[in-house]
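Peer 1: Next up is a structure, given as structure tokens.
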Amino acid sequence: MSIWFETALVDGNRIDRVRVDGRAITAGVDPQPGDERHAIGIPGLPNVHSHAFQRGMAGLAEARGPGSDDFWSWRELMYRFVERMTPDDLEAIAAQAYAEMLETGFTRVGEFHYLHHAPDGSRYADIAEMSHRIGAAAEATGIGLTLLPVFYAQGGFGGAPAGSAQRRFLNDPDSFGDLVDRARAGLPHDGIAGIAPHSLRAATPDQLRAILPVADGRPIHIHIAEQVKEVADCIAWSGKRPVEWLLDEMPVGVDWTLVHATHLTDAERIGIVRSGAVAGLCPITEANLGDGLFPAAAFLDEGGAIGVGSDSNVRIDAAEELRLLEYGQRLTARARNVLAAPGQSTGARLFNAALNGGRQSLGASGTGDWVSLNTNDPAFANRSGDAILDSWIFASRAPIDCVWRNGRKLVQGGRHIHAEAIATRYRATLARLLA
């Protein structure tokens with residue numbers, strides 16, 4: 001089925017009377033008989049960073065413990081949550097997360113996948129069993145998948161041994177290469193499998209160097225400089241800050257995504273820009289965990305590339321990731337429209353930056369992925385031009401009508417076409433896991 005939009009965003013430009021037939025886009029034409037007609041079309045956004053299984057624990061870590069809470073106390077709850085999770089459980093939870101992503105305008109996900117092994121740490125008969133379940137969830141929902149199998153071997157900087165709570169994540173470089181090969185063999189249509197060294201605390205320098213060839217030109221993602229304690233521990237280990245060490249010691253380039261990169265010096269920020277790597281920002285999760293704020297204004301002004309991701313999936317909403325990215329900067333700078341270029345739209349700059357950087361990060365163009373906005377939402381009343389994106393990000397309540405990926409409609413009337421069946425399986429899974 002072909003789609004015709006009264007106006008659409010194409011390559012960052014607003015174009016009237018656009019006809020989309022698969023990946024073919026024709027501008028300035030009238031609809032043909034049988035075309036599905038919509039008022040406003042925008043490209044689907046890439047979600048550069050997701051831990052799908054964490055969708056199942058969303059809202060369970062919002063009660064304060066006996067002391068102060070931070071990322072590290074949250075991590076202990078996460079470890080307990082995964083102790084009983086089976087491959088079936090992972091597939092059900094991932095499908096729920098992916099359906100929700102599509103409903104909010106994300107059309108490809110970068111799945112930073114580190115839950116590899118059985119609960120006792122032993123390997124499944126197929127070492128990539130859990131990766132295949134991620135692929136099955138993507139196939140069932142229709143979302144594009146850039147799978148990022150995670151290399152995790154250590155429990156802290158300098159090769160500290162991993163703890164028992166991390167046993168389901170662990171591989172050595174040889175087994176990791178086998179895992180990635182098997183994961184690639186089972187990918188859904190147009191799926192991509194890169195690699196993801198978890199962090200500098202989870203792999204030694206020699207291990208990092210050993211696994212980089214496994215990427216074979218595909219995306220490389222890494223958590224970096226998310227928390228202040230991580231920065232302090234890295235300095236104690238190496239005498240350098242995390243991003244400083246990574247840029248000095250590893251061949252960071254355009255195929256890399258530095259996830260979070262929250263705590264940077266000016267030199268580190270400029271170094272990321274010069275490398276061409278993408279900064280993978282997750283504003284909702286970073287706020288939820290109390291991580292801090294990325295220096296987005298300077299980074300964008302210097303030509304840096306960004307993408308946005310839903311990370312812990314505590315709340316899945318593409319527009320809210322962009323909105324919170326801007327609002328965090330406003331609160332810090334005590335100013336408005338911080339991330340806009342002078343005289344330009346904030347929404348347009350946020351959207352186009354996340355679209356282009358996200359496509360680079362996930363290694364896929366997504367040119368066949370489209371979202372139609374719900375013009376019945378009062379936020380779009382009498383809006384045109386960049387005000388459409390500004391209203392979607394900052395003012396709308398029910399903005400998404402339909403979503404297509406590679407010409408296949410996956411969301412109708414704001415709901416995934418298999419939403420009920422996916423949610424029913426999800427509820428049954430959580431009932432067992434949380435019993």
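Residue numbers start at 1 in each chain; chains themselves are named A, B, ... in the order of the structure tokens; ligands are numbered from 1 in the order shown.
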Excluding region 172-187 of chain A and residues on its chain fewer than 3 positions from it, collect all residues at most 6 Å away from it, counting only C-alpha atoms, and give them as a ChimeraX atom specification.

Peer 2: /A:127-128,131,135,191,193,211

Peer 1: Residues as selected, C-alpha atoms, written as a PDB file, in the first residue's frame, can you do that?

Peer 2:
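Now in part24.pdb:
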ATOM      1  CA  ILE A 127      24.830 -19.664  23.167  1.00  0.00           C
ATOM      2  CA  ALA A 128      22.767 -17.035  21.308  1.00  0.00           C
ATOM      3  CA  SER A 131      19.653 -13.044  21.316  1.00  0.00           C
ATOM      4  CA  GLY A 135      15.058 -11.159  17.313  1.00  0.00           C
ATOM      5  CA  GLY A 191      18.447  -6.900  11.148  1.00  0.00           C
ATOM      6  CA  ALA A 193      24.251  -7.182  14.716  1.00  0.00           C
ATOM      7  CA  ILE A 211      36.710  -8.210  20.541  1.00  0.00           C
TER       8      ILE A 211
END

Peer 1: Write out as a ChimeraX atom specification which residues come within 6 Å of Pro149 (chain A) when counting only C-alpha atoms, dropping same-chain ones fewer than 4 positions away.

Peer 2: /A:113,195-196

Peer 1: Pick out each residue of region 237-320 of chain A that DSSP on the backbone tags as strand (DSSP E); I need them as a PDB file with C-alpha atoms, in the first residue's frame.

Peer 2:
ATOM      1  CA  TRP A 256      31.009   4.059  17.624  1.00  0.00           C
ATOM      2  CA  THR A 257      28.234   5.254  19.928  1.00  0.00           C
ATOM      3  CA  LEU A 258      29.226   6.493  23.371  1.00  0.00           C
ATOM      4  CA  VAL A 259      26.151   5.883  25.494  1.00  0.00           C
ATOM      5  CA  HIS A 260      25.453   8.584  28.094  1.00  0.00           C
ATOM      6  CA  VAL A 278      27.572   9.494  18.226  1.00  0.00           C
ATOM      7  CA  ALA A 279      26.622  10.458  21.780  1.00  0.00           C
ATOM      8  CA  GLY A 280      23.741   8.149  22.740  1.00  0.00           C
ATOM      9  CA  LEU A 281      21.595  10.158  25.146  1.00  0.00           C
ATOM     10  CA  ALA A 305      26.177  13.818  16.480  1.00  0.00           C
ATOM     11  CA  ILE A 306      23.525  12.659  18.946  1.00  0.00           C
ATOM     12  CA  GLY A 307      20.895   9.960  19.125  1.00  0.00           C
ATOM     13  CA  VAL A 308      18.277   9.282  21.787  1.00  0.00           C
TER      14      VAL A 308
END

Peer 1: Once DSSP has gone over the backbone, tell me which residues of region 277-430 of chain A are in helix (DSSP H, G or I), as an MDAnalysis selection string.

Peer 2: chainID A and resid 283:288 296:301 318:333 346:362 378:380 386:394 419:430

Peer 1: Residues at most 6 Å from Gly22 (chain A), counting only C-alpha atoms, excluding those fewer than 6 positions away in the same chain, as a count of residues only?

Peer 2: 3

Peer 1: Can you list, as a ChimeraX atom specification, every protein, DNA or RNA residue that comes within 9 Å of region 213-229 of chain A when you count only C-alpha atoms, leaving out same-chain residues fewer than 5 positions away?

Peer 2: /A:49,71,112,146,148,150,176-177,180-181,192-200,234,241-243,246,254-264,280,286,290-292,360-363

Peer 1: Next, dump the selected residues to file, keeping only C-alpha atoms, as an mmCIF file, in the first residue's frame.

Peer 2:
data_model
loop_
_atom_site.group_PDB
_atom_site.id
_atom_site.type_symbol
_atom_site.label_atom_id
_atom_site.label_comp_id
_atom_site.auth_asym_id
_atom_site.auth_seq_id
_atom_site.Cartn_x
_atom_site.Cartn_y
_atom_site.Cartn_z
ATOM 1 C CA HIS A 49 19.852 2.368 23.356
ATOM 2 C CA PHE A 71 22.330 4.155 40.076
ATOM 3 C CA PHE A 112 22.123 -3.370 24.090
ATOM 4 C CA THR A 146 20.151 -3.409 15.483
ATOM 5 C CA LEU A 148 24.200 -5.193 20.093
ATOM 6 C CA VAL A 150 27.238 -7.138 25.015
ATOM 7 C CA PHE A 176 31.680 -13.828 22.635
ATOM 8 C CA GLY A 177 32.776 -14.209 19.016
ATOM 9 C CA VAL A 180 27.831 -12.863 17.856
ATOM 10 C CA ASP A 181 28.239 -15.231 14.892
ATOM 11 C CA ILE A 192 21.992 -5.832 11.960
ATOM 12 C CA ALA A 193 24.251 -7.182 14.716
ATOM 13 C CA GLY A 194 27.098 -5.026 15.925
ATOM 14 C CA ILE A 195 28.852 -5.376 19.272
ATOM 15 C CA ALA A 196 28.737 -3.640 22.634
ATOM 16 C CA PRO A 197 31.603 -3.797 25.105
ATOM 17 C CA HIS A 198 29.516 -3.053 28.180
ATOM 18 C CA SER A 199 31.814 -0.490 29.794
ATOM 19 C CA LEU A 200 35.411 0.090 30.792
ATOM 20 C CA CYS A 234 38.469 5.123 36.245
ATOM 21 C CA ARG A 241 38.813 9.914 32.911
ATOM 22 C CA PRO A 242 36.692 7.323 31.031
ATOM 23 C CA VAL A 243 36.179 9.209 27.761
ATOM 24 C CA LEU A 246 38.758 5.572 25.471
ATOM 25 C CA VAL A 254 31.953 7.097 13.193
ATOM 26 C CA ASP A 255 30.867 3.517 13.846
ATOM 27 C CA TRP A 256 31.009 4.059 17.624
ATOM 28 C CA THR A 257 28.234 5.254 19.928
ATOM 29 C CA LEU A 258 29.226 6.493 23.371
ATOM 30 C CA VAL A 259 26.151 5.883 25.494
ATOM 31 C CA HIS A 260 25.453 8.584 28.094
ATOM 32 C CA ALA A 261 28.906 10.270 28.102
ATOM 33 C CA THR A 262 27.351 12.427 30.793
ATOM 34 C CA HIS A 263 30.388 13.638 32.714
ATOM 35 C CA LEU A 264 32.832 15.282 30.312
ATOM 36 C CA GLY A 280 23.741 8.149 22.740
ATOM 37 C CA GLU A 286 19.343 9.561 33.044
ATOM 38 C CA GLY A 290 19.949 10.801 38.791
ATOM 39 C CA ASP A 291 22.935 10.516 36.460
ATOM 40 C CA GLY A 292 23.404 14.159 35.470
ATOM 41 C CA GLN A 360 24.423 6.634 11.954
ATOM 42 C CA SER A 361 24.449 4.919 15.347
ATOM 43 C CA LEU A 362 22.312 1.959 14.283
ATOM 44 C CA GLY A 363 23.798 1.512 10.824
#

Peer 1: Rank A:Asn352, A:Thr7, A:Ser2, A:Gln329 by their smallest atom-to-atom distance to Glu36 (chain A), using only C-alpha atoms, and report the top residue only.

Peer 2: A:Ser2

Peer 1: Do you have the CA of Ile284 (chain A)-CA of Leu324 (chain A) distance handy?

Peer 2: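 Going from CA of Ile284 (chain A) over to CA of Leu324 (chain A) covers 6.8 Å.
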
Peer 1: Return the single residue from A:Gln412, A:Thr86, A:Ser391, A:Thr429 that is closest to Ser372 (chain A), with distances computed using only C-alpha atoms.

Peer 2: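 So, comparing all the options, the nearest one is A:Gln412.
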
Peer 1: Any idea what's packed within 9 Å of Thr141 (chain A), counting only C-alpha atoms, ignoring anything in its chain fewer than 6 positions away? Could you give it as an NGL selection string?

Peer 2: :A and (95-96 or 98-99 or 102 or 410 or 416-419 or 422)

Peer 1: Would you mind exporting the chosen residues as an mmCIF file, in the first residue's frame, restricted to C-alpha atoms?

Peer 2:
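Saved the output as selection09.cif:
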data_model
loop_
_atom_site.group_PDB
_atom_site.id
_atom_site.type_symbol
_atom_site.label_atom_id
_atom_site.label_comp_id
_atom_site.auth_asym_id
_atom_site.auth_seq_id
_atom_site.Cartn_x
_atom_site.Cartn_y
_atom_site.Cartn_z
ATOM 1 C CA ALA A 95 7.741 -7.587 22.548
ATOM 2 C CA GLN A 96 5.820 -5.309 24.940
ATOM 3 C CA TYR A 98 8.975 -2.836 21.152
ATOM 4 C CA ALA A 99 5.240 -2.412 20.575
ATOM 5 C CA LEU A 102 6.465 1.812 17.714
ATOM 6 C CA LEU A 410 2.266 -1.587 12.414
ATOM 7 C CA HIS A 416 0.057 -1.497 17.708
ATOM 8 C CA ILE A 417 -1.897 -3.910 15.519
ATOM 9 C CA HIS A 418 -1.107 -6.791 17.928
ATOM 10 C CA ALA A 419 -1.201 -4.739 21.127
ATOM 11 C CA ILE A 422 1.330 -8.810 23.226
#

Peer 1: Which is closest to Phe169 (chain A) among A:Pro33, A:Gly156, A:Pro119, A:Gly328, if we use only C-alpha atoms?

Peer 2: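 Answer, going by the shortest atom-to-atom distance: A:Pro119.
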
Peer 1: Calculate how many Å separate CA of Gly56 (chain A) from CA of Leu350 (chain A), rounding to one decimal.

Peer 2: 28.8 Å

Peer 1: Mind giving me the straight-line distance from CA of Leu208 (chain A) to CA of Gly239 (chain A) in Å, one decimal?

Peer 2: 18.4 Å

Peer 1: For Thr424 (chain A), which of A:Phe294, A:Ala137, A:Ile93, A:Leu247 is the closest residue, counting only C-alpha atoms?

Peer 2: A:Ile93
